[in-house]
Structures are given as C-alpha cells and as structure tokens.
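Student: Structure file coords35.cif (mmCIF, C-alpha atoms) is given on the next line.
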data_data
#
loop_
_atom_site.group_PDB
_atom_site.id
_atom_site.type_symbol
_atom_site.label_atom_id
_atom_site.label_comp_id
_atom_site.auth_asym_id
_atom_site.auth_seq_id
_atom_site.Cartn_x
_atom_site.Cartn_y
_atom_site.Cartn_z
ATOM 1 C CA MET X 123 -16.908 -12.967 19.091
ATOM 2 C CA THR X 124 -14.026 -12.051 16.813
ATOM 3 C CA ALA X 125 -13.687 -8.791 14.898
ATOM 4 C CA LEU X 126 -11.237 -7.554 12.277
ATOM 5 C CA ILE X 127 -9.958 -3.983 11.937
ATOM 6 C CA VAL X 128 -8.519 -2.713 8.662
ATOM 7 C CA PHE X 129 -5.891 -0.289 9.939
ATOM 8 C CA ALA X 130 -4.614 2.398 7.559
ATOM 9 C CA HIS X 131 -2.608 5.582 7.859
ATOM 10 C CA GLY X 132 -5.427 8.042 7.251
ATOM 11 C CA SER X 133 -5.395 10.684 4.548
ATOM 12 C CA THR X 134 -6.416 14.272 3.951
ATOM 13 C CA VAL X 135 -8.104 12.915 0.806
ATOM 14 C CA ALA X 136 -11.616 11.874 1.812
ATOM 15 C CA ALA X 137 -11.839 9.308 -0.999
ATOM 16 C CA ALA X 138 -8.778 7.544 0.370
ATOM 17 C CA ASN X 139 -10.383 7.143 3.785
ATOM 18 C CA GLN X 140 -13.652 6.035 2.224
ATOM 19 C CA SER X 141 -11.692 3.422 0.327
ATOM 20 C CA ILE X 142 -10.587 1.926 3.676
ATOM 21 C CA HIS X 143 -14.164 1.802 4.942
ATOM 22 C CA ASP X 144 -15.168 0.091 1.694
ATOM 23 C CA MET X 145 -12.334 -2.388 2.172
ATOM 24 C CA ALA X 146 -13.522 -3.147 5.715
ATOM 25 C CA ALA X 147 -16.980 -3.898 4.309
ATOM 26 C CA ARG X 148 -15.444 -6.287 1.771
ATOM 27 C CA VAL X 149 -13.383 -7.949 4.500
ATOM 28 C CA ALA X 150 -16.588 -8.425 6.528
ATOM 29 C CA ALA X 151 -18.343 -9.964 3.530
ATOM 30 C CA GLY X 152 -15.387 -12.214 2.753
ATOM 31 C CA SER X 153 -14.608 -13.353 6.289
ATOM 32 C CA GLY X 154 -17.970 -13.397 7.999
ATOM 33 C CA TYR X 155 -16.469 -11.418 10.895
ATOM 34 C CA VAL X 156 -17.491 -7.979 12.068
ATOM 35 C CA SER X 157 -14.965 -5.672 10.399
ATOM 36 C CA GLU X 158 -14.265 -1.977 10.868
ATOM 37 C CA ALA X 159 -11.819 0.589 9.532
ATOM 38 C CA ALA X 160 -9.448 2.515 11.808
ATOM 39 C CA PHE X 161 -6.750 5.082 11.158
ATOM 40 C CA LEU X 162 -3.381 5.969 12.651
ATOM 41 C CA GLU X 163 -3.971 9.677 12.197
ATOM 42 C CA ILE X 164 -5.912 12.386 10.333
ATOM 43 C CA ALA X 165 -9.075 10.286 9.818
ATOM 44 C CA GLU X 166 -11.494 8.754 12.312
ATOM 45 C CA PRO X 167 -12.007 6.498 14.105
ATOM 46 C CA ASP X 168 -8.532 5.890 15.449
ATOM 47 C CA LEU X 169 -7.605 2.445 16.712
ATOM 48 C CA PRO X 170 -8.493 3.115 20.380
ATOM 49 C CA ALA X 171 -11.962 4.390 19.397
ATOM 50 C CA ALA X 172 -12.622 1.487 17.030
ATOM 51 C CA THR X 173 -11.458 -0.998 19.671
ATOM 52 C CA LYS X 174 -13.632 0.564 22.371
ATOM 53 C CA SER X 175 -16.656 0.449 20.078
ATOM 54 C CA LEU X 176 -16.081 -3.226 19.255
ATOM 55 C CA VAL X 177 -15.550 -4.157 22.915
ATOM 56 C CA GLU X 178 -18.819 -2.439 23.792
ATOM 57 C CA ARG X 179 -20.490 -4.597 21.138
ATOM 58 C CA GLY X 180 -19.254 -7.715 22.934
ATOM 59 C CA VAL X 181 -16.195 -8.578 20.860
ATOM 60 C CA SER X 182 -13.684 -10.742 22.731
ATOM 61 C CA ARG X 183 -10.963 -10.979 20.119
ATOM 62 C CA ILE X 184 -9.654 -8.389 17.668
ATOM 63 C CA VAL X 185 -7.239 -8.951 14.813
ATOM 64 C CA VAL X 186 -5.783 -5.740 13.395
ATOM 65 C CA LEU X 187 -4.956 -5.924 9.677
ATOM 66 C CA PRO X 188 -2.309 -3.323 8.812
ATOM 67 C CA TYR X 189 -3.152 -1.903 5.409
ATOM 68 C CA PHE X 190 0.425 -0.944 4.628
ATOM 69 C CA LEU X 191 2.552 -2.068 1.709
ATOM 70 C CA ALA X 192 5.927 -2.118 3.375
ATOM 71 C CA PRO X 193 7.654 -2.463 6.700
ATOM 72 C CA GLY X 194 7.966 1.047 8.101
ATOM 73 C CA ARG X 195 7.594 2.985 11.265
ATOM 74 C CA HIS X 196 3.792 2.890 11.276
ATOM 75 C CA ALA X 197 3.269 -0.848 10.986
ATOM 76 C CA GLU X 198 6.460 -1.871 12.770
ATOM 77 C CA ARG X 199 6.786 0.638 15.574
ATOM 78 C CA ASP X 200 3.546 2.606 16.105
ATOM 79 C CA LEU X 201 1.136 -0.301 15.808
ATOM 80 C CA PRO X 202 2.737 -2.633 18.406
ATOM 81 C CA ARG X 203 2.886 0.261 20.860
ATOM 82 C CA ILE X 204 -0.786 1.149 20.315
ATOM 83 C CA ILE X 205 -1.852 -2.485 20.660
ATOM 84 C CA GLU X 206 0.132 -2.842 23.876
ATOM 85 C CA GLU X 207 -1.662 0.184 25.308
ATOM 86 C CA LEU X 208 -5.061 -1.077 24.174
ATOM 87 C CA GLN X 209 -4.353 -4.519 25.590
ATOM 88 C CA SER X 210 -3.599 -2.952 28.976
ATOM 89 C CA ILE X 211 -6.933 -1.085 28.874
ATOM 90 C CA HIS X 212 -9.056 -3.960 27.556
ATOM 91 C CA LYS X 213 -7.562 -6.882 29.465
ATOM 92 C CA GLU X 214 -10.523 -9.149 28.731
ATOM 93 C CA VAL X 215 -10.060 -8.861 24.968
ATOM 94 C CA LYS X 216 -7.318 -10.527 22.955
ATOM 95 C CA ILE X 217 -5.851 -8.003 20.527
ATOM 96 C CA GLU X 218 -3.370 -9.084 17.855
ATOM 97 C CA ALA X 219 -1.828 -7.653 14.708
ATOM 98 C CA ALA X 220 -1.583 -9.553 11.439
ATOM 99 C CA ALA X 221 1.251 -9.066 8.955
ATOM 100 C CA ASN X 222 1.084 -6.112 6.606
ATOM 101 C CA LEU X 223 0.645 -6.647 2.860
ATOM 102 C CA ASP X 224 4.364 -6.736 2.065
ATOM 103 C CA GLY X 225 5.554 -9.968 0.517
ATOM 104 C CA HIS X 226 2.140 -11.342 -0.397
ATOM 105 C CA PRO X 227 2.405 -13.118 -3.766
ATOM 106 C CA ALA X 228 -0.775 -11.492 -5.131
ATOM 107 C CA LEU X 229 0.780 -8.006 -5.142
ATOM 108 C CA VAL X 230 2.853 -8.585 -8.252
ATOM 109 C CA GLY X 231 -0.290 -9.688 -10.094
ATOM 110 C CA ILE X 232 -1.947 -6.393 -9.234
ATOM 111 C CA LEU X 233 0.987 -4.440 -10.678
ATOM 112 C CA LEU X 234 0.962 -6.601 -13.807
ATOM 113 C CA ASP X 235 -2.775 -5.927 -14.215
ATOM 114 C CA ARG X 236 -2.190 -2.197 -13.826
ATOM 115 C CA ALA X 237 0.570 -2.285 -16.446
ATOM 116 C CA ALA X 238 -1.542 -4.366 -18.829
ATOM 117 C CA ALA X 239 -4.413 -1.885 -18.600
ATOM 118 C CA VAL X 240 -2.103 0.833 -19.979
ATOM 119 C CA LEU X 241 -0.236 -1.313 -22.495
ATOM 120 C CA GLU X 242 -3.380 -2.836 -23.972
ATOM 121 C CA GLU X 243 -5.257 0.402 -24.498
ATOM 122 C CA HIS X 244 -2.919 1.600 -27.243
ATOM 123 C CA MET C 212 11.407 -1.088 -26.222
ATOM 124 C CA THR C 213 9.003 -0.745 -23.308
ATOM 125 C CA ALA C 214 10.006 -0.568 -19.654
ATOM 126 C CA LEU C 215 8.046 -0.576 -16.401
ATOM 127 C CA ILE C 216 8.940 1.382 -13.267
ATOM 128 C CA VAL C 217 7.592 0.361 -9.857
ATOM 129 C CA PHE C 218 7.246 3.744 -8.183
ATOM 130 C CA ALA C 219 7.063 3.867 -4.374
ATOM 131 C CA HIS C 220 7.353 6.541 -1.724
ATOM 132 C CA GLY C 221 10.752 5.557 -0.370
ATOM 133 C CA SER C 222 11.445 4.730 3.273
ATOM 134 C CA THR C 223 14.062 5.239 5.935
ATOM 135 C CA VAL C 224 13.754 1.466 6.489
ATOM 136 C CA ALA C 225 16.211 -0.196 4.100
ATOM 137 C CA ALA C 226 14.164 -3.404 3.986
ATOM 138 C CA ALA C 227 11.160 -1.459 2.714
ATOM 139 C CA ASN C 228 13.158 -0.069 -0.195
ATOM 140 C CA GLN C 229 14.666 -3.459 -0.925
ATOM 141 C CA SER C 230 11.143 -4.826 -1.060
ATOM 142 C CA ILE C 231 10.389 -2.427 -3.939
ATOM 143 C CA HIS C 232 13.481 -3.555 -5.826
ATOM 144 C CA ASP C 233 12.402 -7.159 -5.279
ATOM 145 C CA MET C 234 8.942 -6.286 -6.566
ATOM 146 C CA ALA C 235 10.454 -4.721 -9.712
ATOM 147 C CA ALA C 236 12.352 -7.953 -10.321
ATOM 148 C CA ARG C 237 9.105 -9.929 -9.990
ATOM 149 C CA VAL C 238 7.350 -7.520 -12.350
ATOM 150 C CA ALA C 239 10.148 -8.042 -14.876
ATOM 151 C CA ALA C 240 9.821 -11.813 -14.581
ATOM 152 C CA GLY C 241 6.041 -11.677 -14.869
ATOM 153 C CA SER C 242 5.804 -9.176 -17.715
ATOM 154 C CA GLY C 243 8.882 -9.834 -19.787
ATOM 155 C CA TYR C 244 9.623 -6.098 -19.783
ATOM 156 C CA VAL C 245 12.658 -4.368 -18.341
ATOM 157 C CA SER C 246 11.499 -3.217 -14.906
ATOM 158 C CA GLU C 247 13.125 -0.931 -12.354
ATOM 159 C CA ALA C 248 12.260 0.538 -8.970
ATOM 160 C CA ALA C 249 12.114 4.297 -8.374
ATOM 161 C CA PHE C 250 11.239 6.401 -5.345
ATOM 162 C CA LEU C 251 9.523 9.712 -4.708
ATOM 163 C CA GLU C 252 11.921 10.615 -1.911
ATOM 164 C CA ILE C 253 14.408 9.324 0.665
ATOM 165 C CA ALA C 254 15.580 6.326 -1.403
ATOM 166 C CA GLU C 255 17.321 6.129 -4.779
ATOM 167 C CA PRO C 256 16.971 6.192 -7.689
ATOM 168 C CA ASP C 257 14.284 8.830 -7.990
ATOM 169 C CA LEU C 258 11.997 8.810 -11.011
ATOM 170 C CA PRO C 259 14.101 11.229 -13.110
ATOM 171 C CA ALA C 260 17.235 9.139 -12.543
ATOM 172 C CA ALA C 261 15.468 5.855 -13.309
ATOM 173 C CA THR C 262 13.940 7.371 -16.451
ATOM 174 C CA LYS C 263 17.268 8.745 -17.648
ATOM 175 C CA SER C 264 18.921 5.384 -17.137
ATOM 176 C CA LEU C 265 16.199 3.572 -19.093
ATOM 177 C CA VAL C 266 16.309 6.102 -21.934
ATOM 178 C CA GLU C 267 20.066 5.625 -22.178
ATOM 179 C CA ARG C 268 19.429 1.919 -22.522
ATOM 180 C CA GLY C 269 17.218 2.566 -25.547
ATOM 181 C CA VAL C 270 13.777 2.422 -23.984
ATOM 182 C CA SER C 271 11.129 4.235 -26.050
ATOM 183 C CA ARG C 272 8.139 3.777 -23.782
ATOM 184 C CA ILE C 273 7.859 3.821 -19.983
ATOM 185 C CA VAL C 274 4.845 2.866 -17.895
ATOM 186 C CA VAL C 275 5.109 4.010 -14.271
ATOM 187 C CA LEU C 276 3.308 1.713 -11.819
ATOM 188 C CA PRO C 277 2.443 3.661 -8.652
ATOM 189 C CA TYR C 278 2.940 1.328 -5.695
ATOM 190 C CA PHE C 279 0.448 3.161 -3.495
ATOM 191 C CA LEU C 280 -2.657 1.775 -1.844
ATOM 192 C CA ALA C 281 -4.856 4.827 -1.984
ATOM 193 C CA PRO C 282 -5.453 8.024 -3.863
ATOM 194 C CA GLY C 283 -3.380 10.685 -2.145
ATOM 195 C CA ARG C 284 -1.106 13.552 -2.849
ATOM 196 C CA HIS C 285 1.826 11.393 -4.010
ATOM 197 C CA ALA C 286 0.085 9.352 -6.668
ATOM 198 C CA GLU C 287 -2.496 11.972 -7.630
ATOM 199 C CA ARG C 288 -0.557 15.220 -7.508
ATOM 200 C CA ASP C 289 3.201 14.627 -7.347
ATOM 201 C CA LEU C 290 3.393 11.863 -9.941
ATOM 202 C CA PRO C 291 1.571 13.645 -12.824
ATOM 203 C CA ARG C 292 3.756 16.700 -12.231
ATOM 204 C CA ILE C 293 6.958 14.640 -12.306
ATOM 205 C CA ILE C 294 5.872 12.774 -15.429
ATOM 206 C CA GLU C 295 5.028 16.039 -17.172
ATOM 207 C CA GLU C 296 8.517 17.333 -16.406
ATOM 208 C CA LEU C 297 10.153 14.108 -17.560
ATOM 209 C CA GLN C 298 8.086 14.071 -20.733
ATOM 210 C CA SER C 299 9.309 17.598 -21.543
ATOM 211 C CA ILE C 300 12.930 16.456 -21.073
ATOM 212 C CA HIS C 301 12.625 13.124 -22.905
ATOM 213 C CA LYS C 302 10.387 14.105 -25.783
ATOM 214 C CA GLU C 303 11.244 10.994 -27.810
ATOM 215 C CA VAL C 304 9.975 8.663 -25.074
ATOM 216 C CA LYS C 305 6.328 8.033 -24.230
ATOM 217 C CA ILE C 306 5.895 8.150 -20.445
ATOM 218 C CA GLU C 307 2.601 7.160 -18.842
ATOM 219 C CA ALA C 308 1.309 6.334 -15.370
ATOM 220 C CA ALA C 309 -0.852 3.329 -14.580
ATOM 221 C CA ALA C 310 -3.504 3.336 -11.859
ATOM 222 C CA ASN C 311 -2.383 2.781 -8.291
ATOM 223 C CA LEU C 312 -3.388 -0.374 -6.416
ATOM 224 C CA ASP C 313 -6.574 1.087 -4.925
ATOM 225 C CA GLY C 314 -9.720 -0.716 -5.943
ATOM 226 C CA HIS C 315 -8.084 -3.841 -7.310
ATOM 227 C CA PRO C 316 -10.214 -6.859 -6.368
ATOM 228 C CA ALA C 317 -7.218 -8.923 -5.226
ATOM 229 C CA LEU C 318 -6.502 -6.614 -2.274
ATOM 230 C CA VAL C 319 -9.312 -7.930 -0.123
ATOM 231 C CA GLY C 320 -7.991 -11.450 -0.626
ATOM 232 C CA ILE C 321 -4.615 -10.382 0.722
ATOM 233 C CA LEU C 322 -6.235 -8.980 3.874
ATOM 234 C CA LEU C 323 -8.288 -12.148 4.303
ATOM 235 C CA ASP C 324 -5.110 -14.231 3.996
ATOM 236 C CA ARG C 325 -3.379 -12.061 6.592
ATOM 237 C CA ALA C 326 -6.335 -12.440 8.973
ATOM 238 C CA ALA C 327 -6.515 -16.201 8.402
ATOM 239 C CA ALA C 328 -2.824 -16.591 9.238
ATOM 240 C CA VAL C 329 -3.493 -15.166 12.712
ATOM 241 C CA LEU C 330 -6.856 -16.838 13.295
ATOM 242 C CA GLU C 331 -5.645 -20.281 12.253
ATOM 243 C CA GLU C 332 -2.535 -20.337 14.392
ATOM 244 C CA HIS C 333 -4.469 -20.512 17.655
#
Any chance you could give the structure as structure tokens?
Tutor:
Amino acid sequence: MTALIVFAHGSTVAAANQSIHDMAARVAAGSGYVSEAAFLEIAEPDLPAATKSLVERGVSRIVVLPYFLAPGRHAERDLPRIIEELQSIHKEVKIEAAANLDGHPALVGILLDRAAAVLEEH
Amino acid sequence: MTALIVFAHGSTVAAANQSIHDMAARVAAGSGYVSEAAFLEIAEPDLPAATKSLVERGVSRIVVLPYFLAPGRHAERDLPRIIEELQSIHKEVKIEAAANLDGHPALVGILLDRAAAVLEEH
C-alpha cells in the first residue's frame, strides 16, 4: 500500500497548518492514495511521527511531497537527511521524496489569477 | 501604467532567488504588464527599491503578488505594513497586494503531478 505525505514547514499560524491538512485531504481525493500532512517544525505531526503512523497502518511505500516553492535548505538539505534516517528505521518501507513545487508550469497561472482578481475588481 | 511585482521571501540559495526572477519574467509574458521580482529579505531588490524603480519608470499602479504558499507573518503582517509605508512615500501611485497562493485550486494538481512523477518512474 502506497501513501503520500504533504510535507510543509509548519507555522505559528494555525490556519496555515490547517491549510496543509486540507491539502492532504485533497491529494487523497485526487490520487486515491492515503495522504497525510507532516511538518518540519512547529506543527505536528512531524515526518517521523507521520511515517510511523502510516507504517503501523500497513503502508509499504511512502512518497513525500515537499510543499515548498523554491529550492532551499528545508527541501534540499533537511528533507533528504530526515528521509535517510527514516529509511534506516523503517527498512521494510520504501520512502522517497518528490520534487518541490518550483518550476511547475501551473504556478505562473496562479499568480496571473491572483493579479487578475485585483485588476478586475476596479 | 500598471506593473506587477512577484514578492518572495528571499533565500541564501541563489537558484531560489533566480527562480523568482524567472517567475516575474513569465508573469510579464503572461499578463502583458511590466513585472519585477522583489524580496522581503536576504535578496535584492527589496520591495521599496523595486517600487521606486517602477515609479521612476512611470508606473502609476502596482499590484504586489505574494509568492507565499500559506498565510503567515510575512504575507499577512509584514507585507501590509510595507505597502502602507510605500503608499505614504509614493502618494501618486496606487499600490495593492493580491492574495497569496494559498487556496488556489491548481495547487493540488501540482502536488499530484509531483507524486505521479515518482510513482510512474518505477
């Protein structure tokens, strides 16, 4: 069984963390895979806790989806290190990271929509 | 003349900042408006410098596009304060902020694409 984890930084703003949980629910609906949120810091669960929970539910493969807009220390340095540690703990589970959002062609469309919403209201 | 500013946090990773400049170029191509990148910290130009430069080029309206994934202190607290200051300096220019990326329906599709890229390669 495969699971997806939407992995975000974690925020002191509760609505921001809730937004990640909502996104994980949408990813589950869109993919058909079990999907959970996890956070690098501040919010819970962290990635080790989310992984442990999924393994206990019988998941054999986990793909971590970094919810970051740009290459940076969290997605490029922290995440590979955390996954390496988790892989050494959960040897029976295949754990991989997907690319972050950076470079996806749909991002510019989102910005154009955001601009249009302001420009069209006046 | 209207201009758009893609406003990001700024990173110590040069490629991350370059990615914002690239995004501004795509926004310009997609919108037909003059578009520039600006950063909250670390990278240059900051928002005051980008605004000043656009005003000197004859821009009369600026829409700031926050390139942030979630409500948080940067987009929700820092940005309104900066825009208020800039508006008091450049009284002849209308300066507004668009919504950040959070909640846009295209985001889930990006995550699903990122997951599919991993799941389909094996």
Student: Just want the 8 Å neighbourhood of Tyr155 (chain X), counted on all atoms listed in the file, with same-chain residues fewer than 2 positions away dropped. Output as an MDAnalysis selection string.
Tutor: chainID X and resid 124:126 149:151 153 157
Student: Report the closest atom pair, with its distance in Å rounded to one decimal, for each residue of chain X that has an atom no farther than 8 Å from chain C; count all atoms listed in the file, sort by chain and then rising residue number, and write it as a tab-separated table.
Tutor:
residue	atom	partner	partner_atom	distance
X:Leu126	CA	C:Ala326	CA	7.7
X:Ser133	CA	C:Gly283	CA	7.0
X:Thr134	CA	C:Gly283	CA	7.7
X:Val135	CA	C:Gly283	CA	6.0
X:Ala137	CA	C:Pro282	CA	7.1
X:Ala138	CA	C:Ala281	CA	5.3
X:Ser141	CA	C:Ala281	CA	7.4
X:Met145	CA	C:Val319	CA	6.7
X:Arg148	CA	C:Val319	CA	6.6
X:Val149	CA	C:Val319	CA	6.2
X:Gly152	CA	C:Leu323	CA	7.3
X:Ser153	CA	C:Leu323	CA	6.7
X:Val185	CA	C:Ala326	CA	6.9
X:Leu187	CA	C:Leu322	CA	6.7
X:Tyr189	CA	C:Leu322	CA	7.9
X:Phe190	CA	C:Leu280	CA	7.7
X:Leu191	CA	C:Leu280	CA	7.4
X:Ala192	CA	C:Ala227	CA	5.3
X:Pro193	CA	C:Ala227	CA	5.4
X:Gly194	CA	C:Val224	CA	6.0
X:Arg195	CA	C:Val224	CA	7.9
X:Glu218	CA	C:Val329	CA	8.0
X:Ala219	CA	C:Val329	CA	7.9
X:Ala220	CA	C:Arg325	CA	5.7
X:Ala221	CA	C:Arg325	CA	6.0
X:Asn222	CA	C:Arg325	CA	7.4
X:Leu223	CA	C:Ile321	CA	6.8
X:Asp224	CA	C:Ser230	CA	7.7
X:Gly225	CA	C:Ser230	CA	7.8
X:His226	CA	C:Ile321	CA	6.9
X:Ala228	CA	C:Ala317	CA	6.9
X:Leu229	CA	C:Leu318	CA	7.9
X:Val230	CA	C:Val238	CA	6.2
X:Ile232	CA	C:Leu312	CA	6.8
X:Leu233	CA	C:Leu276	CA	6.7
X:Leu234	CA	C:Val238	CA	6.6
X:Arg236	CA	C:Ala309	CA	5.7
X:Ala237	CA	C:Ala309	CA	6.1
X:Ala239	CA	C:Ala309	CA	7.5
X:Val240	CA	C:Ala309	CA	6.1
Student: Produce the least-squares-superposed copy of chain C, fitted on chain X over all in-order C-alpha pairs, as an mmCIF file with C-alpha atoms, in the coordinates of the input.
Tutor:
data_model
loop_
_atom_site.group_PDB
_atom_site.id
_atom_site.type_symbol
_atom_site.label_atom_id
_atom_site.label_comp_id
_atom_site.auth_asym_id
_atom_site.auth_seq_id
_atom_site.Cartn_x
_atom_site.Cartn_y
_atom_site.Cartn_z
ATOM 1 C CA MET C 212 -16.917 -12.963 19.096
ATOM 2 C CA THR C 213 -14.024 -12.061 16.814
ATOM 3 C CA ALA C 214 -13.680 -8.804 14.900
ATOM 4 C CA LEU C 215 -11.234 -7.559 12.276
ATOM 5 C CA ILE C 216 -9.963 -3.991 11.942
ATOM 6 C CA VAL C 217 -8.514 -2.717 8.661
ATOM 7 C CA PHE C 218 -5.893 -0.291 9.932
ATOM 8 C CA ALA C 219 -4.608 2.396 7.547
ATOM 9 C CA HIS C 220 -2.604 5.580 7.866
ATOM 10 C CA GLY C 221 -5.428 8.029 7.252
ATOM 11 C CA SER C 222 -5.403 10.686 4.536
ATOM 12 C CA THR C 223 -6.418 14.266 3.945
ATOM 13 C CA VAL C 224 -8.115 12.914 0.794
ATOM 14 C CA ALA C 225 -11.634 11.867 1.808
ATOM 15 C CA ALA C 226 -11.845 9.306 -1.001
ATOM 16 C CA ALA C 227 -8.773 7.537 0.362
ATOM 17 C CA ASN C 228 -10.385 7.138 3.773
ATOM 18 C CA GLN C 229 -13.653 6.033 2.223
ATOM 19 C CA SER C 230 -11.692 3.407 0.337
ATOM 20 C CA ILE C 231 -10.582 1.923 3.680
ATOM 21 C CA HIS C 232 -14.160 1.813 4.937
ATOM 22 C CA ASP C 233 -15.162 0.099 1.696
ATOM 23 C CA MET C 234 -12.333 -2.383 2.169
ATOM 24 C CA ALA C 235 -13.534 -3.149 5.719
ATOM 25 C CA ALA C 236 -16.985 -3.884 4.316
ATOM 26 C CA ARG C 237 -15.448 -6.277 1.773
ATOM 27 C CA VAL C 238 -13.402 -7.940 4.512
ATOM 28 C CA ALA C 239 -16.594 -8.419 6.529
ATOM 29 C CA ALA C 240 -18.348 -9.966 3.539
ATOM 30 C CA GLY C 241 -15.396 -12.216 2.758
ATOM 31 C CA SER C 242 -14.624 -13.346 6.299
ATOM 32 C CA GLY C 243 -17.982 -13.400 8.008
ATOM 33 C CA TYR C 244 -16.487 -11.423 10.899
ATOM 34 C CA VAL C 245 -17.495 -7.977 12.079
ATOM 35 C CA SER C 246 -14.981 -5.671 10.397
ATOM 36 C CA GLU C 247 -14.265 -1.978 10.874
ATOM 37 C CA ALA C 248 -11.819 0.588 9.536
ATOM 38 C CA ALA C 249 -9.450 2.508 11.818
ATOM 39 C CA PHE C 250 -6.743 5.078 11.159
ATOM 40 C CA LEU C 251 -3.383 5.968 12.652
ATOM 41 C CA GLU C 252 -3.970 9.687 12.197
ATOM 42 C CA ILE C 253 -5.906 12.380 10.330
ATOM 43 C CA ALA C 254 -9.071 10.291 9.818
ATOM 44 C CA GLU C 255 -11.494 8.750 12.312
ATOM 45 C CA PRO C 256 -12.005 6.491 14.110
ATOM 46 C CA ASP C 257 -8.523 5.886 15.443
ATOM 47 C CA LEU C 258 -7.596 2.436 16.706
ATOM 48 C CA PRO C 259 -8.492 3.109 20.371
ATOM 49 C CA ALA C 260 -11.944 4.383 19.389
ATOM 50 C CA ALA C 261 -12.601 1.477 17.018
ATOM 51 C CA THR C 262 -11.449 -0.996 19.676
ATOM 52 C CA LYS C 263 -13.628 0.568 22.360
ATOM 53 C CA SER C 264 -16.643 0.448 20.084
ATOM 54 C CA LEU C 265 -16.070 -3.228 19.260
ATOM 55 C CA VAL C 266 -15.553 -4.150 22.916
ATOM 56 C CA GLU C 267 -18.826 -2.438 23.784
ATOM 57 C CA ARG C 268 -20.482 -4.589 21.159
ATOM 58 C CA GLY C 269 -19.245 -7.720 22.926
ATOM 59 C CA VAL C 270 -16.192 -8.569 20.862
ATOM 60 C CA SER C 271 -13.696 -10.767 22.735
ATOM 61 C CA ARG C 272 -10.971 -10.990 20.124
ATOM 62 C CA ILE C 273 -9.657 -8.397 17.662
ATOM 63 C CA VAL C 274 -7.239 -8.971 14.801
ATOM 64 C CA VAL C 275 -5.789 -5.742 13.393
ATOM 65 C CA LEU C 276 -4.964 -5.941 9.677
ATOM 66 C CA PRO C 277 -2.313 -3.331 8.821
ATOM 67 C CA TYR C 278 -3.164 -1.906 5.403
ATOM 68 C CA PHE C 279 0.424 -0.943 4.622
ATOM 69 C CA LEU C 280 2.550 -2.062 1.703
ATOM 70 C CA ALA C 281 5.926 -2.108 3.369
ATOM 71 C CA PRO C 282 7.638 -2.452 6.694
ATOM 72 C CA GLY C 283 7.977 1.048 8.097
ATOM 73 C CA ARG C 284 7.591 3.005 11.245
ATOM 74 C CA HIS C 285 3.770 2.896 11.255
ATOM 75 C CA ALA C 286 3.251 -0.835 10.988
ATOM 76 C CA GLU C 287 6.454 -1.864 12.758
ATOM 77 C CA ARG C 288 6.774 0.660 15.560
ATOM 78 C CA ASP C 289 3.549 2.615 16.087
ATOM 79 C CA LEU C 290 1.133 -0.298 15.804
ATOM 80 C CA PRO C 291 2.736 -2.637 18.406
ATOM 81 C CA ARG C 292 2.889 0.281 20.839
ATOM 82 C CA ILE C 293 -0.782 1.145 20.305
ATOM 83 C CA ILE C 294 -1.848 -2.483 20.644
ATOM 84 C CA GLU C 295 0.134 -2.839 23.863
ATOM 85 C CA GLU C 296 -1.662 0.191 25.286
ATOM 86 C CA LEU C 297 -5.058 -1.078 24.161
ATOM 87 C CA GLN C 298 -4.356 -4.522 25.571
ATOM 88 C CA SER C 299 -3.583 -2.949 28.965
ATOM 89 C CA ILE C 300 -6.918 -1.077 28.863
ATOM 90 C CA HIS C 301 -9.046 -3.957 27.546
ATOM 91 C CA LYS C 302 -7.561 -6.858 29.453
ATOM 92 C CA GLU C 303 -10.530 -9.140 28.746
ATOM 93 C CA VAL C 304 -10.060 -8.854 24.974
ATOM 94 C CA LYS C 305 -7.317 -10.537 22.960
ATOM 95 C CA ILE C 306 -5.847 -8.009 20.516
ATOM 96 C CA GLU C 307 -3.367 -9.102 17.859
ATOM 97 C CA ALA C 308 -1.835 -7.670 14.695
ATOM 98 C CA ALA C 309 -1.590 -9.560 11.425
ATOM 99 C CA ALA C 310 1.256 -9.076 8.955
ATOM 100 C CA ASN C 311 1.077 -6.121 6.603
ATOM 101 C CA LEU C 312 0.640 -6.652 2.860
ATOM 102 C CA ASP C 313 4.365 -6.740 2.067
ATOM 103 C CA GLY C 314 5.539 -9.974 0.534
ATOM 104 C CA HIS C 315 2.139 -11.354 -0.383
ATOM 105 C CA PRO C 316 2.396 -13.123 -3.750
ATOM 106 C CA ALA C 317 -0.773 -11.502 -5.119
ATOM 107 C CA LEU C 318 0.781 -8.017 -5.134
ATOM 108 C CA VAL C 319 2.856 -8.583 -8.238
ATOM 109 C CA GLY C 320 -0.274 -9.683 -10.077
ATOM 110 C CA ILE C 321 -1.943 -6.392 -9.218
ATOM 111 C CA LEU C 322 0.992 -4.441 -10.669
ATOM 112 C CA LEU C 323 0.960 -6.598 -13.796
ATOM 113 C CA ASP C 324 -2.769 -5.925 -14.206
ATOM 114 C CA ARG C 325 -2.188 -2.190 -13.810
ATOM 115 C CA ALA C 326 0.586 -2.280 -16.427
ATOM 116 C CA ALA C 327 -1.522 -4.363 -18.818
ATOM 117 C CA ALA C 328 -4.391 -1.875 -18.593
ATOM 118 C CA VAL C 329 -2.097 0.845 -19.965
ATOM 119 C CA LEU C 330 -0.229 -1.304 -22.483
ATOM 120 C CA GLU C 331 -3.382 -2.820 -23.955
ATOM 121 C CA GLU C 332 -5.244 0.422 -24.482
ATOM 122 C CA HIS C 333 -2.907 1.618 -27.225
#
Student: Adding 4 Å on each side of the box along x, y and z that holds all listed atoms of region 273-290 of chain C, could you give its centre and edge lengths in Å to one decimal, as AutoDock Vina command-line options?
Tutor:
--center_x 1.2 --center_y 8.3 --center_z -10.9 --size_x 21.3 --size_y 21.9 --size_z 26.1
Student: Which distance in Å separates CA of Glu287 (chain C) and CA of Ser299 (chain C), to one decimal?
Tutor: 19.1 Å
Student: What does the distance from CA of Lys216 (chain X) to CA of Glu178 (chain X) come to in Å, to one decimal?
Tutor: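 Separating CA of Lys216 (chain X) from CA of Glu178 (chain X) is a distance of 14.1 Å.
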Student: So which residues get picked by the PyMOL selection byres ((chain C and resi 263) around 12) here, written as a list in words?
Tutor: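 Taken over the shown coordinates, the PyMOL selection byres ((chain C and resi 263) around 12) returns Ala214, Ile216, Glu247, Ala249, Pro256, Asp257, Leu258, Pro259, Ala260, Ala261, Thr262, Ser264, Leu265, Val266, Glu267, Arg268, Gly269, Val270, Ser271, Ile273, Leu297, Gln298, Ile300, His301, Lys302, Val304 and Ile306 of chain C.
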Student: Please determine, counting only C-alpha atoms, which residue among X:Pro202, X:Glu243, X:Glu207, X:His131 has the shortest atom-to-atom distance to Leu162 (chain X).
Tutor: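 Ranking X:Pro202, X:Glu243, X:Glu207, X:His131 by distance to Leu162 (chain X), first place goes to X:His131.
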Student: In Å to one decimal, how far is CA of Ile164 (chain X) from CA of Leu201 (chain X)?
Tutor: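 Those two atoms sit 15.5 Å apart.
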